[in-house]
Amino acid sequence: MKKTWLLLLTAAAAAGAVCGCAEQAEQTEGLLPYEELAEVSDEYIVVGFSQVGSESDWRMANTASLQETFTEENGYYLLYEDGQQKQENQLKAVRNFILQEVDYIVLDPIVETGWDGVLQEAKDAGIPVILSDRSIETANEDLYTCWVGSDFTAEGERAGEWLSAYLENRGRGKEEIRIVTLQGTLGSTAQIGRTEGFARVMEEHENWKMLDRQSGDFTQAKGEEVMEQFLEAYDDIDAVVCENDNMAFGAVDAIQKAGRTCGPDGDMIVICFDAMQAALEAMVKGEINAAFECNPLLGPEVEEIIQSLERGEPVEKIRYVEETYYDTSMDLESILKNRSY
Ligand code: GZL
């Protein structure tokens, strides 16, 4: 079902670079030139994609997955907007998409709250909204068609269970374990779920003590900064839980700069979420103990949903992707050879 495009004959239709290829990751500047709107009117399914930002390896892989899926060769015209980790940019992008009467809006919401108004506008405009990766908190579930992403709480529980088994196997099951956590962007679905999931396992271990949790905003620089503060504040940290790979890389840098050690042979256990290639390489180097996968390849999943909607078929409200974890007991060299991210 393609919406007949309303030609926007306004000066605001500034030239925009619309990308269809992953390596560009360019974003659409403002509105599309009206002559381009005419071209695509009935030829493509037009998708407006509002992305969180470009803060991490995971994010870049996720952006690439959608850009490699929604190409003109596949019958799509993608309007991509990088929110640069600011909700106001994403709100503006979604309003732009509504104004341009896209066929579908794909939104990866940086945080869970503050979306009801703009999603009501999309609903009033008859534009389905698919949440990709992160989700929203709303009293009105009709404001979006569905959410495809990870079960972040399960990821957090998996990490807690792994740590429990790891400590048990090393004869430390009864020892006091002092933990710090580098949280992701506060209020994001990934941060909420991972914190909650790990906390559930914490409750089963009265000998585990969470010394501190602070947000590193999913970035390596902030992760290093927060870990430096933790190292100054606590001199006997046993484990560092990093809610994404990039913060773990920052934490490892801070630990090493402080003359301390981490990883399977170090004095601090470091675990992280995402499990991108660089995290597995850090495990091979002995800097990180385990990485809990968060699948970034959501492009094909989102496309399947759009194709179902095009055929007038119902779609499930929540669609979780398959995920696993990796640790240094595994043949990481072989795994690295066969992994696409
Ligand atoms: C998780 C995603 C998170 C990643 C981070 O699905 O939202 O955001 O874990 C990214 O790397 O910044």
# chains A, B, ... in the order shown; residues from 1 in each chain; ligands from 1
>>> closest_atom_pairs(of="chain A", to="ligand 1", cutoff="8 Å", atoms="only C-alpha atoms and all ligand atoms", output="CSV")
residue,atom,partner,partner_atom_place_in_ligand_line,distance
A:Val52,CA,ligand 1,8 (O),8.0
A:Gly53,CA,ligand 1,12 (O),7.9
A:Ser54,CA,ligand 1,12 (O),7.6
A:Glu55,CA,ligand 1,12 (O),5.5
A:Ser56,CA,ligand 1,11 (O),4.9
A:Asp57,CA,ligand 1,11 (O),6.3
A:Trp58,CA,ligand 1,11 (O),4.6
A:Arg59,CA,ligand 1,10 (C),5.3
A:Asp108,CA,ligand 1,7 (O),7.9
A:Ile110,CA,ligand 1,7 (O),7.7
A:Asp133,CA,ligand 1,6 (O),5.0
A:Arg134,CA,ligand 1,7 (O),5.5
A:Gly149,CA,ligand 1,6 (O),6.7
A:Ser150,CA,ligand 1,6 (O),6.3
A:Phe152,CA,ligand 1,6 (O),7.6
A:Gly184,CA,ligand 1,5 (C),7.3
A:Thr185,CA,ligand 1,12 (O),7.8
A:Ser188,CA,ligand 1,7 (O),7.2
A:Thr189,CA,ligand 1,7 (O),7.0
A:Ala190,CA,ligand 1,1 (C),5.1
A:Gln191,CA,ligand 1,3 (C),7.9
A:Asp217,CA,ligand 1,12 (O),7.6
A:Phe218,CA,ligand 1,12 (O),4.9
A:Thr219,CA,ligand 1,12 (O),7.1
A:Glu243,CA,ligand 1,9 (O),6.5
A:Asn244,CA,ligand 1,9 (O),4.8
A:Asp245,CA,ligand 1,11 (O),6.4
A:Asn246,CA,ligand 1,11 (O),6.8
A:Phe273,CA,ligand 1,9 (O),6.0
A:Asp274,CA,ligand 1,9 (O),5.2
A:Cys294,CA,ligand 1,6 (O),6.0
A:Asn295,CA,ligand 1,6 (O),7.4
A:Pro296,CA,ligand 1,6 (O),6.9
>>> residues_around(residues="Val226 in chain A", least_positions_apart="6", cutoff="8 Å", atoms="only C-alpha atoms", output="JSON, numbers by chain")
{"A": [182, 214, 215, 216, 251]}
>>> residues_around(residues="Pro128 in chain A", least_positions_apart="6", cutoff="8 Å", atoms="only C-alpha atoms", output="compact mmCIF listing (two decimals) with N, CA and C atoms, in the first residue's frame")
# COMPACT_ATOMS: atom_id res chain seq x y z
N ASP A 103 5.28 6.24 4.25
CA ASP A 103 4.36 5.10 4.41
C ASP A 103 4.50 4.46 5.78
N TYR A 104 5.74 4.42 6.29
CA TYR A 104 6.00 3.82 7.62
C TYR A 104 7.05 4.65 8.34
N ILE A 105 6.90 4.70 9.67
CA ILE A 105 7.93 5.31 10.52
C ILE A 105 8.55 4.19 11.34
N ALA A 122 1.31 10.84 14.45
CA ALA A 122 1.52 9.85 13.39
C ALA A 122 0.26 9.02 13.19
N TYR A 144 1.62 2.61 18.71
CA TYR A 144 2.61 2.00 17.81
C TYR A 144 2.13 0.62 17.40
N THR A 145 2.57 0.21 16.23
CA THR A 145 2.09 -1.07 15.68
C THR A 145 2.74 -2.25 16.38
>>> select_by_dssp(residues="range 8-222 of chain A", states="helix (DSSP H, G or I)", output="VMD selection string")
chain A and resid 34 to 40 57 to 69 87 to 99 116 to 124 141 to 143 152 to 169 189 to 202 220 to 222
>>> write_last_selection(atoms="C-alpha atoms", output="PDB file, in the first residue's frame")
ATOM      1  CA  TYR A  34       9.690  18.193  -4.096  1.00  0.00           C
ATOM      2  CA  GLU A  35      10.790  16.899  -7.485  1.00  0.00           C
ATOM      3  CA  GLU A  36      12.095  13.794  -5.675  1.00  0.00           C
ATOM      4  CA  LEU A  37       8.778  13.320  -3.897  1.00  0.00           C
ATOM      5  CA  ALA A  38       7.067  13.197  -7.274  1.00  0.00           C
ATOM      6  CA  GLU A  39       9.552  10.583  -8.493  1.00  0.00           C
ATOM      7  CA  VAL A  40       8.998   8.215  -5.589  1.00  0.00           C
ATOM      8  CA  ASP A  57      29.723  -0.189  17.507  1.00  0.00           C
ATOM      9  CA  TRP A  58      26.333  -1.789  18.053  1.00  0.00           C
ATOM     10  CA  ARG A  59      24.533   1.324  16.837  1.00  0.00           C
ATOM     11  CA  MET A  60      26.597   1.508  13.644  1.00  0.00           C
ATOM     12  CA  ALA A  61      25.860  -2.160  12.875  1.00  0.00           C
ATOM     13  CA  ASN A  62      22.177  -1.576  13.574  1.00  0.00           C
ATOM     14  CA  THR A  63      22.048   1.472  11.274  1.00  0.00           C
ATOM     15  CA  ALA A  64      23.857  -0.471   8.551  1.00  0.00           C
ATOM     16  CA  SER A  65      21.387  -3.337   8.863  1.00  0.00           C
ATOM     17  CA  LEU A  66      18.402  -1.080   8.205  1.00  0.00           C
ATOM     18  CA  GLN A  67      20.134   0.895   5.462  1.00  0.00           C
ATOM     19  CA  GLU A  68      21.168  -2.313   3.685  1.00  0.00           C
ATOM     20  CA  THR A  69      17.603  -3.599   3.915  1.00  0.00           C
ATOM     21  CA  GLN A  87      15.270  13.091  21.971  1.00  0.00           C
ATOM     22  CA  GLU A  88      14.370  16.505  20.574  1.00  0.00           C
ATOM     23  CA  ASN A  89      16.110  15.597  17.321  1.00  0.00           C
ATOM     24  CA  GLN A  90      14.118  12.403  17.090  1.00  0.00           C
ATOM     25  CA  LEU A  91      10.834  14.203  17.781  1.00  0.00           C
ATOM     26  CA  LYS A  92      11.676  16.661  14.964  1.00  0.00           C
ATOM     27  CA  ALA A  93      12.563  13.790  12.633  1.00  0.00           C
ATOM     28  CA  VAL A  94       9.274  11.988  13.259  1.00  0.00           C
ATOM     29  CA  ARG A  95       7.326  15.216  12.655  1.00  0.00           C
ATOM     30  CA  ASN A  96       9.275  15.641   9.404  1.00  0.00           C
ATOM     31  CA  PHE A  97       8.327  12.145   8.333  1.00  0.00           C
ATOM     32  CA  ILE A  98       4.658  12.865   9.092  1.00  0.00           C
ATOM     33  CA  LEU A  99       4.836  16.096   7.081  1.00  0.00           C
ATOM     34  CA  ASP A 116       2.790   9.928  23.187  1.00  0.00           C
ATOM     35  CA  GLY A 117       2.264  13.343  21.559  1.00  0.00           C
ATOM     36  CA  VAL A 118       4.223  12.736  18.375  1.00  0.00           C
ATOM     37  CA  LEU A 119       2.964   9.171  18.051  1.00  0.00           C
ATOM     38  CA  GLN A 120      -0.605  10.438  18.301  1.00  0.00           C
ATOM     39  CA  GLU A 121       0.220  12.812  15.416  1.00  0.00           C
ATOM     40  CA  ALA A 122       1.517   9.846  13.390  1.00  0.00           C
ATOM     41  CA  LYS A 123      -1.601   7.858  14.230  1.00  0.00           C
ATOM     42  CA  ASP A 124      -3.844  10.772  13.215  1.00  0.00           C
ATOM     43  CA  GLU A 141      -0.296   0.727  23.218  1.00  0.00           C
ATOM     44  CA  ASP A 142      -2.249   1.610  20.066  1.00  0.00           C
ATOM     45  CA  LEU A 143       0.201   4.449  19.411  1.00  0.00           C
ATOM     46  CA  PHE A 152      16.984  -6.881  27.693  1.00  0.00           C
ATOM     47  CA  THR A 153      15.853  -8.226  31.052  1.00  0.00           C
ATOM     48  CA  ALA A 154      16.751 -11.728  29.898  1.00  0.00           C
ATOM     49  CA  GLU A 155      20.158 -10.398  28.833  1.00  0.00           C
ATOM     50  CA  GLY A 156      20.709  -9.009  32.345  1.00  0.00           C
ATOM     51  CA  GLU A 157      19.622 -12.269  33.990  1.00  0.00           C
ATOM     52  CA  ARG A 158      21.880 -14.262  31.647  1.00  0.00           C
ATOM     53  CA  ALA A 159      24.830 -12.106  32.714  1.00  0.00           C
ATOM     54  CA  GLY A 160      24.046 -12.551  36.411  1.00  0.00           C
ATOM     55  CA  GLU A 161      23.680 -16.304  36.029  1.00  0.00           C
ATOM     56  CA  TRP A 162      26.957 -16.481  34.098  1.00  0.00           C
ATOM     57  CA  LEU A 163      28.776 -14.554  36.862  1.00  0.00           C
ATOM     58  CA  SER A 164      27.311 -16.867  39.503  1.00  0.00           C
ATOM     59  CA  ALA A 165      28.532 -19.991  37.673  1.00  0.00           C
ATOM     60  CA  TYR A 166      31.918 -18.402  36.901  1.00  0.00           C
ATOM     61  CA  LEU A 167      32.528 -17.560  40.573  1.00  0.00           C
ATOM     62  CA  GLU A 168      31.322 -20.981  41.716  1.00  0.00           C
ATOM     63  CA  ASN A 169      33.682 -22.734  39.281  1.00  0.00           C
ATOM     64  CA  THR A 189      14.917   0.132  27.336  1.00  0.00           C
ATOM     65  CA  ALA A 190      18.336  -1.510  27.132  1.00  0.00           C
ATOM     66  CA  GLN A 191      19.499   0.102  30.379  1.00  0.00           C
ATOM     67  CA  ILE A 192      16.252  -0.561  32.228  1.00  0.00           C
ATOM     68  CA  GLY A 193      16.148  -4.220  31.231  1.00  0.00           C
ATOM     69  CA  ARG A 194      19.808  -5.055  31.769  1.00  0.00           C
ATOM     70  CA  THR A 195      19.875  -3.343  35.175  1.00  0.00           C
ATOM     71  CA  GLU A 196      16.643  -5.075  36.222  1.00  0.00           C
ATOM     72  CA  GLY A 197      17.686  -8.501  34.961  1.00  0.00           C
ATOM     73  CA  PHE A 198      21.064  -8.432  36.689  1.00  0.00           C
ATOM     74  CA  ALA A 199      19.433  -7.099  39.883  1.00  0.00           C
ATOM     75  CA  ARG A 200      17.086 -10.102  39.967  1.00  0.00           C
ATOM     76  CA  VAL A 201      20.110 -12.438  40.111  1.00  0.00           C
ATOM     77  CA  MET A 202      21.798 -10.142  42.660  1.00  0.00           C
ATOM     78  CA  GLN A 220      33.613   4.550  25.506  1.00  0.00           C
ATOM     79  CA  ALA A 221      34.761   7.993  26.648  1.00  0.00           C
ATOM     80  CA  LYS A 222      32.124   8.284  29.361  1.00  0.00           C
TER      81      LYS A 222
END
>>> atom_distance(atom1="CA of Ile136 in chain A", atom2="CA of Lys317 in chain A")
12.6 Å
>>> atom_distance(atom1="CA of Trp208 in chain A", atom2="CA of Ile179 in chain A")
7.3 Å
>>> atom_distance(atom1="CA of Ser132 in chain A", atom2="CA of Glu112 in chain A")
12.3 Å
>>> closest_residue(among="A:Phe292, A:Tyr326, A:Tyr80, A:Phe249", to="Met227 in chain A", atoms="only C-alpha atoms")
A:Phe249
>>> select_by_dssp(residues="range 51-117 of chain A", states="strand (DSSP E or B)", output="list in words")
Gln51, Tyr76, Tyr77, Leu78, Leu79, Tyr80, Glu81, Asp82, Tyr104, Ile105, Val106 and Leu107 of chain A
>>> residues_around(residues="Leu332 in chain A", least_positions_apart="3", cutoff="9 Å", atoms="only C-alpha atoms", output="list in words")
Leu280, Glu281, Met283, Val284, Tyr326, Asp327, Thr328, Ser329, Ile335, Leu336 and Lys337 of chain A
